[in-house]
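Quick look at final39.txt (compact mmCIF, C-alpha atoms):
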# COMPACT_ATOMS: atom_id res chain seq x y z
CA MET X 1 -78.56 -31.31 -25.47
CA THR X 2 -78.03 -33.96 -22.83
CA LYS X 3 -79.99 -37.09 -23.48
CA GLY X 4 -80.47 -40.42 -21.78
CA LYS X 5 -82.03 -43.52 -23.26
CA LEU X 6 -83.65 -46.28 -21.22
CA LEU X 7 -85.70 -49.28 -22.24
CA LEU X 8 -89.27 -49.04 -21.06
CA PHE X 9 -91.29 -52.26 -20.73
CA ILE X 10 -93.87 -52.53 -17.94
CA PHE X 11 -92.98 -49.12 -16.54
CA ILE X 12 -95.78 -47.31 -18.34
CA LEU X 13 -98.47 -49.96 -17.91
CA SER X 14 -101.51 -49.24 -15.80
CA LEU X 15 -101.37 -50.50 -12.23
CA SER X 16 -104.68 -52.32 -12.26
CA SER X 17 -104.67 -53.71 -15.78
CA CYS X 18 -102.35 -55.00 -18.50
CA GLY X 19 -103.56 -53.05 -21.49
CA THR X 20 -101.21 -52.27 -24.33
CA ALA X 21 -98.41 -49.79 -23.86
CA ILE X 22 -99.69 -47.77 -26.82
CA LYS X 23 -102.99 -47.12 -25.02
CA THR X 24 -101.18 -46.00 -21.89
CA LEU X 25 -98.82 -43.76 -23.81
CA ALA X 26 -101.81 -41.95 -25.29
CA GLY X 27 -102.44 -40.32 -21.90
CA PHE X 28 -98.78 -39.70 -21.06
CA LYS X 29 -97.66 -36.08 -20.80
CA ASN X 30 -94.16 -34.67 -20.58
CA PRO X 31 -93.24 -34.37 -16.88
CA LYS X 32 -93.40 -30.84 -15.50
CA VAL X 33 -91.62 -29.41 -12.50
CA GLU X 34 -93.95 -29.38 -9.51
CA GLU X 35 -94.00 -28.06 -5.95
CA LYS X 36 -94.62 -30.47 -3.08
CA GLU X 37 -97.40 -28.39 -1.55
CA GLU X 38 -99.40 -28.41 -4.79
CA LEU X 39 -98.93 -32.16 -5.12
CA VAL X 40 -100.20 -32.67 -1.58
CA SER X 41 -103.38 -30.79 -2.50
CA PHE X 42 -103.73 -32.79 -5.71
CA PHE X 43 -103.37 -36.11 -3.88
CA ALA X 44 -105.79 -35.01 -1.14
CA GLU X 45 -108.50 -34.74 -3.80
CA VAL X 46 -107.85 -38.36 -4.75
CA LEU X 47 -107.31 -39.84 -1.29
CA PRO X 48 -108.05 -37.40 1.55
CA SER X 49 -107.30 -39.92 4.31
CA GLN X 50 -103.74 -40.70 3.20
CA LYS X 51 -100.52 -38.72 3.05
CA THR X 52 -98.00 -38.84 0.26
CA TYR X 53 -94.24 -38.83 0.44
CA PHE X 54 -91.75 -37.57 -2.13
CA MET X 55 -88.51 -38.63 -3.73
CA THR X 56 -85.35 -36.68 -3.04
CA VAL X 57 -81.90 -36.31 -4.58
CA ASN X 58 -78.52 -36.71 -2.91
CA GLU X 59 -77.20 -33.64 -4.71
CA VAL X 60 -79.36 -30.75 -5.89
CA GLY X 61 -79.04 -30.30 -9.65
CA ASN X 62 -77.33 -33.67 -10.21
CA LYS X 63 -78.61 -34.96 -13.57
CA MET X 64 -78.09 -38.64 -12.80
CA ASP X 65 -79.90 -38.38 -9.46
CA ILE X 66 -82.83 -36.66 -11.17
CA LEU X 67 -83.07 -39.14 -14.05
CA ASN X 68 -82.83 -42.08 -11.65
CA ASN X 69 -85.74 -40.63 -9.67
CA ILE X 70 -87.82 -40.23 -12.82
CA VAL X 71 -87.24 -43.84 -13.84
CA LEU X 72 -87.89 -45.15 -10.32
CA GLY X 73 -91.09 -43.12 -10.22
CA LEU X 74 -92.27 -44.70 -13.48
CA ASN X 75 -91.42 -48.24 -12.46
CA SER X 76 -94.49 -50.40 -11.83
CA GLU X 77 -92.47 -53.08 -10.03
CA ILE X 78 -93.97 -53.80 -6.62
CA LEU X 79 -91.79 -52.39 -3.85
CA LEU X 80 -92.65 -54.73 -0.98
CA PHE X 81 -90.58 -54.95 2.21
CA ASN X 82 -90.67 -57.02 5.38
CA SER X 83 -91.15 -54.56 8.23
CA SER X 84 -89.04 -56.56 10.71
CA THR X 85 -86.04 -57.54 8.61
CA GLY X 86 -86.22 -54.75 6.04
CA GLU X 87 -85.74 -57.30 3.26
CA LYS X 88 -87.31 -56.68 -0.11
CA TYR X 89 -89.67 -59.38 -1.39
CA CYS X 90 -89.84 -60.24 -5.10
CA TYR X 91 -92.46 -61.98 -7.18
CA GLN X 92 -91.42 -65.55 -8.00
CA GLY X 93 -94.34 -66.52 -10.21
CA THR X 94 -94.49 -66.60 -14.01
CA GLU X 95 -97.10 -63.88 -14.58
CA GLU X 96 -95.56 -60.72 -16.06
CA CYS X 97 -98.63 -58.52 -15.66
CA GLY X 98 -98.03 -56.07 -12.81
CA GLY X 99 -101.72 -56.01 -11.89
CA ILE X 100 -101.89 -59.78 -11.41
CA GLN X 101 -98.64 -59.74 -9.46
CA MET X 102 -100.20 -57.19 -7.12
CA GLN X 103 -103.34 -59.31 -6.75
CA ASN X 104 -101.17 -62.31 -5.86
CA ALA X 105 -99.42 -60.26 -3.19
CA PHE X 106 -102.73 -59.88 -1.37
CA LYS X 107 -104.35 -63.24 -2.17
CA ASN X 108 -101.50 -65.76 -2.37
CA PHE X 109 -98.56 -64.04 -0.76
CA ASP X 110 -96.77 -67.09 0.69
CA GLN X 111 -96.92 -68.92 -2.65
CA ASN X 112 -95.69 -66.04 -4.80
CA TYR X 113 -93.41 -63.72 -2.84
CA PHE X 114 -90.03 -64.55 -1.35
CA THR X 115 -86.91 -62.65 -0.30
CA CYS X 116 -85.24 -61.20 -3.39
CA LYS X 117 -82.30 -63.26 -4.64
CA ASP X 118 -80.23 -60.25 -5.63
CA ILE X 119 -78.52 -59.17 -2.40
CA SER X 120 -77.57 -55.86 -4.00
CA ASP X 121 -81.25 -54.93 -4.34
CA LEU X 122 -82.99 -52.27 -2.28
CA ASN X 123 -83.87 -52.89 1.34
CA LEU X 124 -86.26 -50.90 3.49
CA ASN X 125 -83.59 -48.69 5.05
CA SER X 126 -81.92 -47.83 1.73
CA TYR X 127 -85.28 -47.03 0.16
CA LEU X 128 -86.30 -44.77 3.05
CA GLU X 129 -83.15 -42.75 2.38
CA LYS X 130 -84.65 -41.85 -1.00
CA ILE X 131 -87.93 -40.35 0.26
CA ILE X 132 -88.98 -37.34 2.32
CA ASP X 133 -92.18 -35.78 3.65
CA VAL X 134 -93.67 -32.48 2.47
CA SER X 135 -91.40 -30.52 4.84
CA GLY X 136 -88.28 -32.16 3.40
CA LYS X 137 -87.64 -34.44 6.38
CA ARG X 138 -86.35 -37.96 5.75
CA ILE X 139 -88.54 -40.80 6.99
CA ASP X 140 -87.62 -43.02 9.93
CA LYS X 141 -88.88 -46.58 10.02
CA GLU X 142 -90.53 -45.88 13.39
CA GLU X 143 -92.80 -43.30 11.76
CA LEU X 144 -94.37 -45.86 9.42
CA PRO X 145 -97.67 -47.56 10.28
CA LYS X 146 -97.46 -50.82 12.21
CA ALA X 147 -97.67 -53.74 9.79
CA ASP X 148 -95.91 -56.96 8.82
CA TYR X 149 -95.14 -55.67 5.33
CA TYR X 150 -94.93 -52.36 3.50
CA ILE X 151 -95.87 -51.69 -0.11
CA PHE X 152 -94.56 -48.40 -1.49
CA GLN X 153 -96.80 -47.35 -4.37
CA ASN X 154 -95.56 -44.78 -6.90
CA TRP X 155 -97.86 -42.18 -8.41
CA ASN X 156 -97.41 -39.06 -10.52
CA LYS X 157 -99.46 -36.46 -12.37
CA TYR X 158 -98.04 -36.85 -15.86
CA SER X 159 -98.72 -40.51 -16.71
CA GLY X 160 -102.50 -40.30 -16.60
CA SER X 161 -105.58 -38.38 -15.49
CA LYS X 162 -106.74 -37.75 -11.94
CA LYS X 163 -109.67 -40.06 -12.64
CA LYS X 164 -107.32 -42.89 -13.62
CA LEU X 165 -105.23 -42.33 -10.51
CA GLN X 166 -108.42 -42.46 -8.43
CA GLU X 167 -109.38 -45.78 -10.03
CA ASP X 168 -105.93 -47.29 -9.44
CA VAL X 169 -105.80 -46.16 -5.82
CA ASN X 170 -109.29 -47.49 -5.08
CA TRP X 171 -108.44 -50.80 -6.75
CA LEU X 172 -105.34 -51.14 -4.62
CA LEU X 173 -107.14 -50.26 -1.39
CA ASP X 174 -109.91 -52.75 -2.21
CA LEU X 175 -107.27 -55.49 -2.55
CA LYS X 176 -105.96 -54.59 0.88
CA LYS X 177 -109.44 -54.46 2.40
CA ASN X 178 -110.27 -57.95 1.17
CA SER X 179 -106.97 -59.51 2.19
CA ASP X 180 -105.68 -61.11 5.38
CA LEU X 181 -102.17 -59.86 4.68
CA ASN X 182 -101.09 -57.35 7.31
CA VAL X 183 -99.67 -54.73 4.98
CA ALA X 184 -99.48 -50.95 4.95
CA ILE X 185 -99.60 -49.12 1.62
CA ILE X 186 -97.43 -46.02 1.48
CA PHE X 187 -97.80 -43.62 -1.44
CA VAL X 188 -94.74 -41.95 -2.96
CA ASN X 189 -94.92 -39.20 -5.58
CA GLY X 190 -92.54 -39.41 -8.53
CA ASP X 191 -93.07 -36.02 -10.17
CA MET X 192 -90.08 -33.76 -10.84
CA LEU X 193 -89.65 -31.30 -7.99
CA GLU X 194 -88.36 -27.76 -7.93
CA ASP X 195 -86.40 -28.82 -4.83
CA TRP X 196 -84.21 -31.05 -7.02
CA GLY X 197 -82.66 -27.95 -8.58
CA LEU X 198 -85.12 -27.65 -11.45
CA GLU X 199 -86.62 -24.54 -13.01
CA LYS X 200 -90.12 -23.69 -11.82
CA ASN X 201 -92.73 -24.68 -14.44
CA GLY X 202 -90.01 -26.39 -16.48
CA GLU X 203 -90.74 -29.46 -18.60
CA LEU X 204 -88.80 -32.58 -19.58
CA PRO X 205 -89.42 -33.72 -23.19
CA ILE X 206 -89.71 -37.51 -23.49
CA LYS X 207 -89.85 -39.33 -26.81
CA PHE X 208 -91.09 -42.92 -27.05
CA SER X 209 -90.24 -45.39 -29.79
CA LYS X 210 -90.98 -49.07 -30.41
CA GLU X 211 -88.00 -51.30 -29.70
CA ASN X 212 -88.06 -55.10 -29.90
CA GLU X 213 -90.64 -56.37 -27.39
CA GLY X 214 -91.07 -53.09 -25.57
CA PHE X 215 -90.49 -49.37 -25.90
CA SER X 216 -87.57 -47.09 -25.37
CA MET X 217 -87.75 -43.54 -24.11
CA THR X 218 -85.33 -40.75 -24.88
CA PHE X 219 -85.05 -37.85 -22.47
CA GLY X 220 -84.57 -34.32 -23.69
CA GLU X 221 -82.71 -31.65 -21.77
CA LEU X 222 -83.51 -31.35 -18.08
CA PRO X 223 -84.94 -27.96 -17.06
CA LEU X 224 -82.13 -27.25 -14.59
CA LYS X 225 -82.06 -23.93 -12.76
CA LYS X 226 -79.62 -21.51 -14.38

The structure given in the file should be rewritten as structure tokens.
Amino acid sequence: MTKGKLLLFIFILSLSSCGTAIKTLAGFKNPKVEEKEELVSFFAEVLPSQKTYFMTVNEVGNKMDILNNIVLGLNSEILLFNSSTGEKYCYQGTEECGGIQMQNAFKNFDQNYFTCKDISDLNLNSYLEKIIDVSGKRIDKEELPKADYYIFQNWNKYSGSKKKLQEDVNWLLDLKKNSDLNVAIIFVNGDMLEDWGLEKNGELPIKFSKENEGFSMTFGELPLKK
């Protein structure tokens, strides 16, 4: 069995709160292989006025590509880019709670967010190479809404209920509504896709264990197509 082990700290925390990881893990389900069309319908029930994009792999069936997508889809780090320069902006404050960091993006942006120091980090163009629309087409920058900044918000079906997703999305949109920051929020699904070379209805076992100040997760065997 092929396994991969990655430390998991804020990845599994709720977007809008900083409850304990144990509480969040209680609602976590093993990821299942999904189809994009079904995910579009699922998301439309949560947010009918918005579209969702999807993550893609460079090589169909490539285990590392697939695992990287799963981890990126779980990551609660704010993906915030300058629309003009394409530079990624990082939180420079001391608060570790992802929810408060997001609030500071909308309320006190200039005091808390600056160009990321790590020049090897993602930029807008490199991130757009990782996502596609429901038809499988890669996204051009010109297709994005007009705004000064873009926030790409991950979501998936397996880390919580539809009700919880609804609450998180509404919380995020309320922040935007009550902010002067000219930002567009773009939703990106992180579920495993059949298009990645995975078996239809397959499942990825994930085991969590306490490790130091956070948690680790161990992946079971990927449900690759035979």

Any idea what's packed within 8 Å of segment 34-44 of chain X, counting only C-alpha atoms, ignoring anything in its chain fewer than 5 positions away? Could you give it as a PyMOL selection string? chain X and resi 49-52+54+134+191-195+200-201

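Reported to one decimal place, the separation of atom CA of Asn156 of chain X from atom CA of Gly61 of chain X is 20.4 Å.
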
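If you measure from each of X:Thr56, X:Ser135, X:Gln92, X:Asn123 to Ala105 of chain X using only C-alpha atoms, the closest one turns out to be X:Gln92.
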
Looking at X:Ala184, X:Leu175, X:Ile132, X:Leu122, which one is nearest to Tyr149 of chain X, with distances taken over all atoms listed in the file? X:Ala184

Excluding same-chain residues fewer than 3 positions from segment 79-90 of chain X, what lies within 12 Å of it counting all atoms listed in the file, as a PyMOL selection string? chain X and resi 72-73+75-76+93-94+98+101-102+104-106+109-128+141-154+181-188

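Among the candidates X:Leu67, X:Ile100, X:Val46, X:Val57, the one nearest to Leu204 of chain X when counting only C-alpha atoms is X:Leu67.
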
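Separating atom CA of Ile78 of chain X from atom CA of Tyr91 of chain X is a distance of 8.3 Å.
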
What is the atom CA of Leu74 of chain X-atom CA of Asp133 of chain X distance in Å, reported with one decimal? 19.3 Å

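Shortest atom-to-atom contact with Gln103 of chain X among X:Met64, X:Leu47, X:Leu173, X:Ile70: X:Leu173, counting only C-alpha atoms.
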
Show me, as an MDAnalysis selection string, the residues that have an atom within 7 Å of Met55 of chain X when counting all atoms listed in the file, minus same-chain residues fewer than 5 positions from it. chainID X and resid 69 130:132 189:190

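Ranking X:Ser159, X:Asn62, X:Ser179, X:Gln166 by their shortest atom-to-atom distance to Lys225 of chain X, with all atoms listed in the file included, puts X:Asn62 first.
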